[in-house]
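Novice: Dropping in run_38.pdb, which is PDB, C-alpha atoms, pLDDT in the B column:
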```pdb
ATOM      1  CA  MET A1173     158.582  67.126  93.244  1.00 47.00           C
ATOM      2  CA  ASP A1174     158.262  65.011  90.127  1.00 51.00           C
ATOM      3  CA  THR A1175     155.769  66.540  87.725  1.00 49.00           C
ATOM      4  CA  GLY A1176     155.821  63.468  85.483  1.00 50.00           C
ATOM      5  CA  SER A1177     154.657  64.029  81.948  1.00 50.00           C
ATOM      6  CA  VAL A1178     152.698  67.157  82.873  1.00 58.00           C
ATOM      7  CA  ASN A1179     153.824  70.577  81.622  1.00 65.00           C
ATOM      8  CA  ASP A1180     155.553  71.871  84.742  1.00 72.00           C
ATOM      9  CA  THR A1181     155.558  75.585  83.820  1.00 76.00           C
ATOM     10  CA  HIS A1182     152.862  76.240  86.414  1.00 79.00           C
ATOM     11  CA  GLN A1183     154.285  73.998  89.134  1.00 86.00           C
ATOM     12  CA  LEU A1184     156.983  76.234  90.650  1.00 88.00           C
ATOM     13  CA  SER A1185     154.852  77.504  93.532  1.00 89.00           C
ATOM     14  CA  ASN A1186     153.716  73.938  94.338  1.00 89.00           C
ATOM     15  CA  MET A1187     157.326  72.772  94.443  1.00 89.00           C
ATOM     16  CA  VAL A1188     158.361  75.749  96.587  1.00 90.00           C
ATOM     17  CA  ASN A1189     155.470  75.108  98.974  1.00 90.00           C
ATOM     18  CA  ARG A1190     156.529  71.472  99.362  1.00 89.00           C
ATOM     19  CA  GLY A1191     160.134  72.536  99.900  1.00 87.00           C
ATOM     20  CA  ILE A1192     159.075  74.972 102.636  1.00 88.00           C
ATOM     21  CA  ASP A1193     156.977  72.262 104.308  1.00 87.00           C
ATOM     22  CA  ASN A1194     159.744  69.643 104.078  1.00 88.00           C
ATOM     23  CA  THR A1195     162.609  71.836 105.242  1.00 87.00           C
ATOM     24  CA  ALA A1196     160.858  74.226 107.631  1.00 81.00           C
ATOM     25  CA  THR A1197     162.548  77.100 105.800  1.00 83.00           C
ATOM     26  CA  SER A1198     160.475  80.260 105.972  1.00 81.00           C
ATOM     27  CA  LYS A1199     162.177  82.462 103.325  1.00 86.00           C
ATOM     28  CA  PRO A1200     164.029  80.295 100.833  1.00 89.00           C
ATOM     29  CA  ASN A1201     165.889  81.535  97.791  1.00 88.00           C
ATOM     30  CA  VAL A1202     164.379  79.726  94.813  1.00 87.00           C
ATOM     31  CA  LEU A1203     166.405  79.014  91.684  1.00 88.00           C
ATOM     32  CA  ALA A1204     164.593  77.997  88.519  1.00 88.00           C
ATOM     33  CA  ASP A1205     165.224  78.062  84.797  1.00 85.00           C
ATOM     34  CA  LYS A1206     163.215  80.151  82.357  1.00 84.00           C
ATOM     35  CA  VAL A1207     160.562  77.490  81.748  1.00 84.00           C
ATOM     36  CA  TYR A1208     159.105  78.535  85.146  1.00 84.00           C
ATOM     37  CA  HIS A1209     159.143  82.269  84.323  1.00 82.00           C
ATOM     38  CA  THR A1210     155.483  83.217  84.672  1.00 85.00           C
ATOM     39  CA  GLY A1211     154.261  86.244  86.577  1.00 87.00           C
ATOM     40  CA  ALA A1212     151.636  84.243  88.448  1.00 87.00           C
ATOM     41  CA  GLN A1213     154.223  81.706  89.674  1.00 88.00           C
ATOM     42  CA  ILE A1214     156.682  84.418  90.711  1.00 89.00           C
ATOM     43  CA  ALA A1215     153.892  86.229  92.609  1.00 90.00           C
ATOM     44  CA  ALA A1216     152.819  82.993  94.313  1.00 90.00           C
ATOM     45  CA  CYS A1217     156.409  82.303  95.447  1.00 90.00           C
ATOM     46  CA  GLU A1218     156.747  85.837  96.832  1.00 91.00           C
ATOM     47  CA  ALA A1219     153.427  85.430  98.673  1.00 93.00           C
ATOM     48  CA  MET A1220     154.916  82.394 100.468  1.00 90.00           C
ATOM     49  CA  GLY A1221     157.952  84.443 101.523  1.00 91.00           C
ATOM     50  CA  ALA A1222     160.306  82.911  98.952  1.00 90.00           C
ATOM     51  CA  VAL A1223     162.773  85.002  96.937  1.00 88.00           C
ATOM     52  CA  PRO A1224     162.569  83.760  93.346  1.00 87.00           C
ATOM     53  CA  TYR A1225     165.567  83.776  91.005  1.00 86.00           C
ATOM     54  CA  VAL A1226     163.940  82.618  87.775  1.00 86.00           C
ATOM     55  CA  SER A1227     165.857  83.125  84.545  1.00 83.00           C
ATOM     56  CA  PRO A1228     163.975  85.637  82.400  1.00 80.00           C
ATOM     57  CA  LYS A1229     162.534  84.717  79.022  1.00 75.00           C
ATOM     58  CA  ALA A1230     163.455  86.735  75.957  1.00 70.00           C
ATOM     59  CA  ASN A1231     160.584  88.247  74.019  1.00 65.00           C
ATOM     60  CA  ALA A1232     160.582  86.324  70.738  1.00 60.00           C
ATOM     61  CA  ALA A1233     158.190  88.730  68.991  1.00 58.00           C
ATOM     62  CA  ASN A1234     160.798  91.507  69.002  1.00 59.00           C
ATOM     63  CA  LYS A1235     163.371  89.342  67.216  1.00 62.00           C
ATOM     64  CA  LYS A1236     160.845  87.920  64.772  1.00 64.00           C
ATOM     65  CA  HIS A1237     159.627  91.349  63.676  1.00 69.00           C
ATOM     66  CA  ASN A1238     162.943  93.205  64.245  1.00 79.00           C
ATOM     67  CA  VAL A1239     161.377  95.974  66.327  1.00 86.00           C
ATOM     68  CA  TYR A1240     162.336  97.776  69.520  1.00 90.00           C
ATOM     69  CA  PRO A1241     162.160  95.390  72.468  1.00 88.00           C
ATOM     70  CA  MET A1242     159.624  95.979  75.214  1.00 86.00           C
ATOM     71  CA  GLU A1243     162.480  96.956  77.525  1.00 85.00           C
ATOM     72  CA  ASP A1244     163.080 100.081  75.408  1.00 91.00           C
ATOM     73  CA  PHE A1245     159.678 101.347  76.536  1.00 94.00           C
ATOM     74  CA  ARG A1246     160.026 102.794  80.052  1.00 94.00           C
ATOM     75  CA  TYR A1247     157.163 102.282  82.467  1.00 95.00           C
ATOM     76  CA  HIS A1248     156.228 105.095  84.883  1.00 95.00           C
ATOM     77  CA  PRO A1249     154.162 103.659  87.756  1.00 93.00           C
ATOM     78  CA  GLY A1250     152.993 107.022  89.128  1.00 94.00           C
ATOM     79  CA  SER A1251     151.208 107.921  85.905  1.00 96.00           C
ATOM     80  CA  ASP A1252     150.664 104.319  84.722  1.00 95.00           C
ATOM     81  CA  THR A1253     152.183 105.184  81.338  1.00 97.00           C
ATOM     82  CA  TYR A1254     155.011 104.078  79.078  1.00 97.00           C
ATOM     83  CA  ARG A1255     157.505 106.301  77.244  1.00 97.00           C
ATOM     84  CA  CYS A1256     158.570 104.998  73.833  1.00 96.00           C
ATOM     85  CA  PRO A1257     162.008 105.270  72.168  1.00 96.00           C
ATOM     86  CA  ASN A1258     160.756 108.397  70.341  1.00 96.00           C
ATOM     87  CA  ASN A1259     159.878 110.010  73.694  1.00 96.00           C
ATOM     88  CA  GLN A1260     156.097 109.744  73.236  1.00 96.00           C
ATOM     89  CA  ILE A1261     153.723 108.739  76.036  1.00 97.00           C
ATOM     90  CA  LEU A1262     151.660 105.558  75.691  1.00 97.00           C
ATOM     91  CA  ARG A1263     148.529 105.528  77.853  1.00 97.00           C
ATOM     92  CA  SER A1264     146.103 102.857  78.938  1.00 96.00           C
ATOM     93  CA  ASN A1265     142.337 103.164  79.036  1.00 93.00           C
ATOM     94  CA  ALA A1266     142.679 101.450  82.473  1.00 90.00           C
ATOM     95  CA  LYS A1267     140.646  98.484  81.257  1.00 93.00           C
ATOM     96  CA  TYR A1268     141.956  94.986  81.925  1.00 92.00           C
ATOM     97  CA  TYR A1269     141.731  92.513  79.061  1.00 92.00           C
ATOM     98  CA  HIS A1270     141.848  88.731  79.504  1.00 90.00           C
ATOM     99  CA  ARG A1271     143.406  85.867  77.628  1.00 83.00           C
ATOM    100  CA  LYS A1272     144.058  82.266  78.538  1.00 78.00           C
ATOM    101  CA  SER A1273     147.601  81.243  79.336  1.00 70.00           C
ATOM    102  CA  HIS A1274     149.187  77.991  78.242  1.00 65.00           C
ATOM    103  CA  GLY A1275     148.123  76.550  81.592  1.00 62.00           C
ATOM    104  CA  GLY A1276     144.514  77.520  80.989  1.00 64.00           C
ATOM    105  CA  ASN A1277     144.375  80.199  83.681  1.00 72.00           C
ATOM    106  CA  PRO A1278     143.273  83.645  82.512  1.00 81.00           C
ATOM    107  CA  ILE A1279     145.886  86.403  82.427  1.00 84.00           C
ATOM    108  CA  ARG A1280     144.815  89.999  82.966  1.00 90.00           C
ATOM    109  CA  PHE A1281     146.655  92.762  81.122  1.00 94.00           C
ATOM    110  CA  LYS A1282     146.299  96.370  79.982  1.00 95.00           C
ATOM    111  CA  HIS A1283     147.034  97.890  76.569  1.00 95.00           C
ATOM    112  CA  TYR A1284     149.130 101.053  76.260  1.00 96.00           C
ATOM    113  CA  LYS A1285     149.204 103.065  73.036  1.00 96.00           C
ATOM    114  CA  THR A1286     149.438 106.518  71.502  1.00 95.00           C
ATOM    115  CA  THR A1287     148.007 108.230  68.432  1.00 94.00           C
ATOM    116  CA  LYS A1288     151.496 109.667  67.717  1.00 94.00           C
ATOM    117  CA  CYS A1289     152.592 106.411  66.015  1.00 93.00           C
ATOM    118  CA  LYS A1290     151.018 107.390  62.700  1.00 90.00           C
ATOM    119  CA  ALA A1291     153.486 110.236  62.093  1.00 93.00           C
ATOM    120  CA  CYS A1292     156.467 108.785  63.968  1.00 95.00           C
ATOM    121  CA  PRO A1293     159.801 109.041  62.105  1.00 95.00           C
ATOM    122  CA  ILE A1294     161.063 105.750  63.616  1.00 94.00           C
ATOM    123  CA  ARG A1295     157.831 103.816  63.193  1.00 93.00           C
ATOM    124  CA  GLN A1296     159.378 101.129  60.950  1.00 91.00           C
ATOM    125  CA  ARG A1297     161.729 100.165  63.835  1.00 91.00           C
ATOM    126  CA  CYS A1298     158.803  99.995  66.225  1.00 91.00           C
ATOM    127  CA  THR A1299     155.846  98.341  64.520  1.00 90.00           C
ATOM    128  CA  SER A1300     154.358  97.211  61.238  1.00 87.00           C
ATOM    129  CA  SER A1301     150.810  97.472  62.567  1.00 89.00           C
ATOM    130  CA  SER A1302     148.588 100.058  60.905  1.00 89.00           C
ATOM    131  CA  ASN A1303     147.184 100.832  64.366  1.00 90.00           C
ATOM    132  CA  GLY A1304     150.600 101.628  65.877  1.00 93.00           C
ATOM    133  CA  ARG A1305     152.547  99.986  68.671  1.00 93.00           C
ATOM    134  CA  VAL A1306     150.617  98.482  71.554  1.00 93.00           C
ATOM    135  CA  GLN A1307     152.415  97.600  74.763  1.00 93.00           C
ATOM    136  CA  GLN A1308     150.811  94.998  76.997  1.00 91.00           C
ATOM    137  CA  ARG A1309     151.382  94.985  80.738  1.00 93.00           C
ATOM    138  CA  THR A1310     150.200  91.957  82.685  1.00 90.00           C
ATOM    139  CA  GLU A1311     148.894  92.232  86.205  1.00 91.00           C
ATOM    140  CA  TYR A1312     152.108  90.472  87.315  1.00 89.00           C
ATOM    141  CA  LYS A1313     154.584  92.742  85.505  1.00 90.00           C
ATOM    142  CA  SER A1314     155.847  94.266  88.779  1.00 88.00           C
ATOM    143  CA  GLU A1315     156.688  90.802  90.122  1.00 88.00           C
ATOM    144  CA  ILE A1316     158.408  89.905  86.858  1.00 85.00           C
ATOM    145  CA  GLU A1317     160.510  93.080  86.981  1.00 84.00           C
ATOM    146  CA  ARG A1318     161.420  92.447  90.633  1.00 82.00           C
ATOM    147  CA  ASN A1319     162.452  88.897  89.732  1.00 82.00           C
ATOM    148  CA  ASN A1320     164.513  89.966  86.733  1.00 79.00           C
ATOM    149  CA  THR A1321     166.473  92.587  88.674  1.00 75.00           C
ATOM    150  CA  PRO A1322     167.924  90.195  91.308  1.00 64.00           C
ATOM    151  CA  GLU A1323     168.669  87.641  88.585  1.00 57.00           C
ATOM    152  CA  GLN A1324     170.601  90.269  86.643  1.00 58.00           C
ATOM    153  CA  ASN A1325     172.303  91.637  89.772  1.00 64.00           C
ATOM    154  CA  ASN A1326     173.262  88.177  91.082  1.00 68.00           C
ATOM    155  CA  PRO A1327     174.682  86.343  88.069  1.00 67.00           C
ATOM    156  CA  GLU A1328     176.235  83.739  90.409  1.00 69.00           C
ATOM    157  CA  TYR A1329     172.720  82.382  90.850  1.00 65.00           C
TER     158      TYR A1329
END
```
Before anything else, please render the file you have as structure tokens.

Specialist:
Amino acid sequence: MDTGSVNDTHQLSNMVNRGIDNTATSKPNVLADKVYHTGAQIAACEAMGAVPYVSPKANAANKKHNVYPMEDFRYHPGSDTYRCPNNQILRSNAKYYHRKSHGGNPIRFKHYKTTKCKACPIRQRCTSSSNGRVQQRTEYKSEIERNNTPEQNNPEY
């Protein structure tokens, strides 16, 4: 599919849908570069039965501010919490917040934080915010993590 001069970040699922229609393939493996790495597009591909292999994007904020990367905070789905590098628990108030994505579609996400940041001995490696570190988890984070694992485990792709 030729997306022309349009930003094609949000076109992966459309291209996969056309590929499925044109090839009569029910569960294709889908290879894409990191420009297509959005949770909504990965979820849409999975909903069609496709297995996405989309190169993950690096989190630029961590490098810019020289803080612990998001990956150093471990998510625990059973309790819906994160554990930080200093072994503290970050909790959500369970409320979803909204922001517009580059494609204009709203993205839902939760905030996770702890009051323990104020006295944390490694705070300077974690955040410069006076309110402490806040982790955001989008509604598509599970799909993103599923996508990133096969990509990492199948480097030949």

Novice: Written as number ranges by chain, which residues does the PyMOL selection byres ((chain A and resi 1225) around 7) give for the file shown?

Specialist: A: 1202-1204, 1223-1224, 1226-1227, 1319, 1322-1323

Novice: I'd like the contact shell of Pro1293 of chain A - 12 Å cut-off, all atoms listed in the file, skipping same-chain residues fewer than 5 positions apart - returned as an mmCIF file with C-alpha atoms, in the coordinates of the input.

Specialist:
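The resulting file, part-v3.cif, is reproduced below:
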```cif
data_model
loop_
_atom_site.group_PDB
_atom_site.id
_atom_site.type_symbol
_atom_site.label_atom_id
_atom_site.label_comp_id
_atom_site.auth_asym_id
_atom_site.auth_seq_id
_atom_site.Cartn_x
_atom_site.Cartn_y
_atom_site.Cartn_z
ATOM 1 C CA PRO A 1257 162.008 105.270 72.168
ATOM 2 C CA ASN A 1258 160.756 108.397 70.341
ATOM 3 C CA ASN A 1259 159.878 110.010 73.694
ATOM 4 C CA GLN A 1260 156.097 109.744 73.236
ATOM 5 C CA LYS A 1288 151.496 109.667 67.717
ATOM 6 C CA CYS A 1298 158.803 99.995 66.225
ATOM 7 C CA THR A 1299 155.846 98.341 64.520
#
```

Novice: Just how far from atom CA of Tyr1247 of chain A is atom CA of Arg1305 of chain A, in Å to one decimal?

Specialist: 14.7 Å

Novice: Could you tell me which residues the PyMOL selection byres ((chain A and resi 1312) around 9) grabs in this file, written as a list in words?

Specialist: Thr1210, Gly1211, Ala1212, Ile1214, Ala1215, Ile1279, Arg1280, Phe1281, Arg1309, Thr1310, Glu1311, Lys1313, Ser1314, Glu1315, Ile1316 and Glu1317 of chain A

Novice: Determine, counting all atoms listed in the file, which protein, DNA and RNA residues have an atom within 12 Å of an atom of Ser1302 of chain A; residues of the same chain fewer than 4 positions away are not included. Present the result as a PyMOL selection string.

Specialist: chain A and resi 1287+1289-1291+1295-1296+1298+1306

Novice: Quick one: apply the PyMOL selection byres ((chain A and resi 1252) around 10) to the file and drop the selected residues here as a compact mmCIF listing (two decimals) with C-alpha atoms, in the coordinates of the input.

Specialist:
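Saved to result.txt:
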```
# COMPACT_ATOMS: atom_id res chain seq x y z
CA TYR A 1247 157.16 102.28 82.47
CA HIS A 1248 156.23 105.10 84.88
CA PRO A 1249 154.16 103.66 87.76
CA GLY A 1250 152.99 107.02 89.13
CA SER A 1251 151.21 107.92 85.90
CA THR A 1253 152.18 105.18 81.34
CA TYR A 1254 155.01 104.08 79.08
CA LEU A 1262 151.66 105.56 75.69
CA ARG A 1263 148.53 105.53 77.85
CA SER A 1264 146.10 102.86 78.94
CA ALA A 1266 142.68 101.45 82.47
CA TYR A 1284 149.13 101.05 76.26
```

Novice: Distance atom CA of Asn1186 of chain A-atom CA of Ala1219 of chain A, one decimal place?

Specialist: 12.3 Å

Novice: In Å, with one decimal, what is the gap from atom CA of Asp1193 of chain A to atom CA of Met1220 of chain A?

Specialist: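 If I compute the distance from atom CA of Asp1193 of chain A to atom CA of Met1220 of chain A, I get 11.0 Å.
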
Novice: Counting only C-alpha atoms, figure out which residue out of A:Gln1307, A:Ser1273, A:Ser1301, A:Gln1213 gets nearest to Arg1255 of chain A.

Specialist: A:Gln1307

Novice: Which residue gives the smallest distance to Gln1308 of chain A among A:Thr1321, A:Thr1181, A:Asn1194, A:Asn1265, with all atoms listed in the file counted?

Specialist: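 Closest to Gln1308 of chain A, using all atoms listed in the file: A:Asn1265.
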
Novice: Select, from A:Cys1256, A:Lys1267, A:Ser1185, A:Pro1278, the residue with the minimum atom-to-atom distance to Arg1297 of chain A, counting all atoms listed in the file.

Specialist: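 When distances to Arg1297 of chain A are compared using all atoms listed in the file, the smallest one comes from A:Cys1256.
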
Novice: Go through A:His1283, A:Asn1277, A:Ala1230, A:Gly1304 one by one, measure the shortest atom-to-atom distance of each to Glu1243 of chain A using all atoms listed in the file, and give the residue with the smallest value.

Specialist: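 Between A:His1283, A:Asn1277, A:Ala1230, A:Gly1304, the residue approaching Glu1243 of chain A most closely is A:Ala1230.
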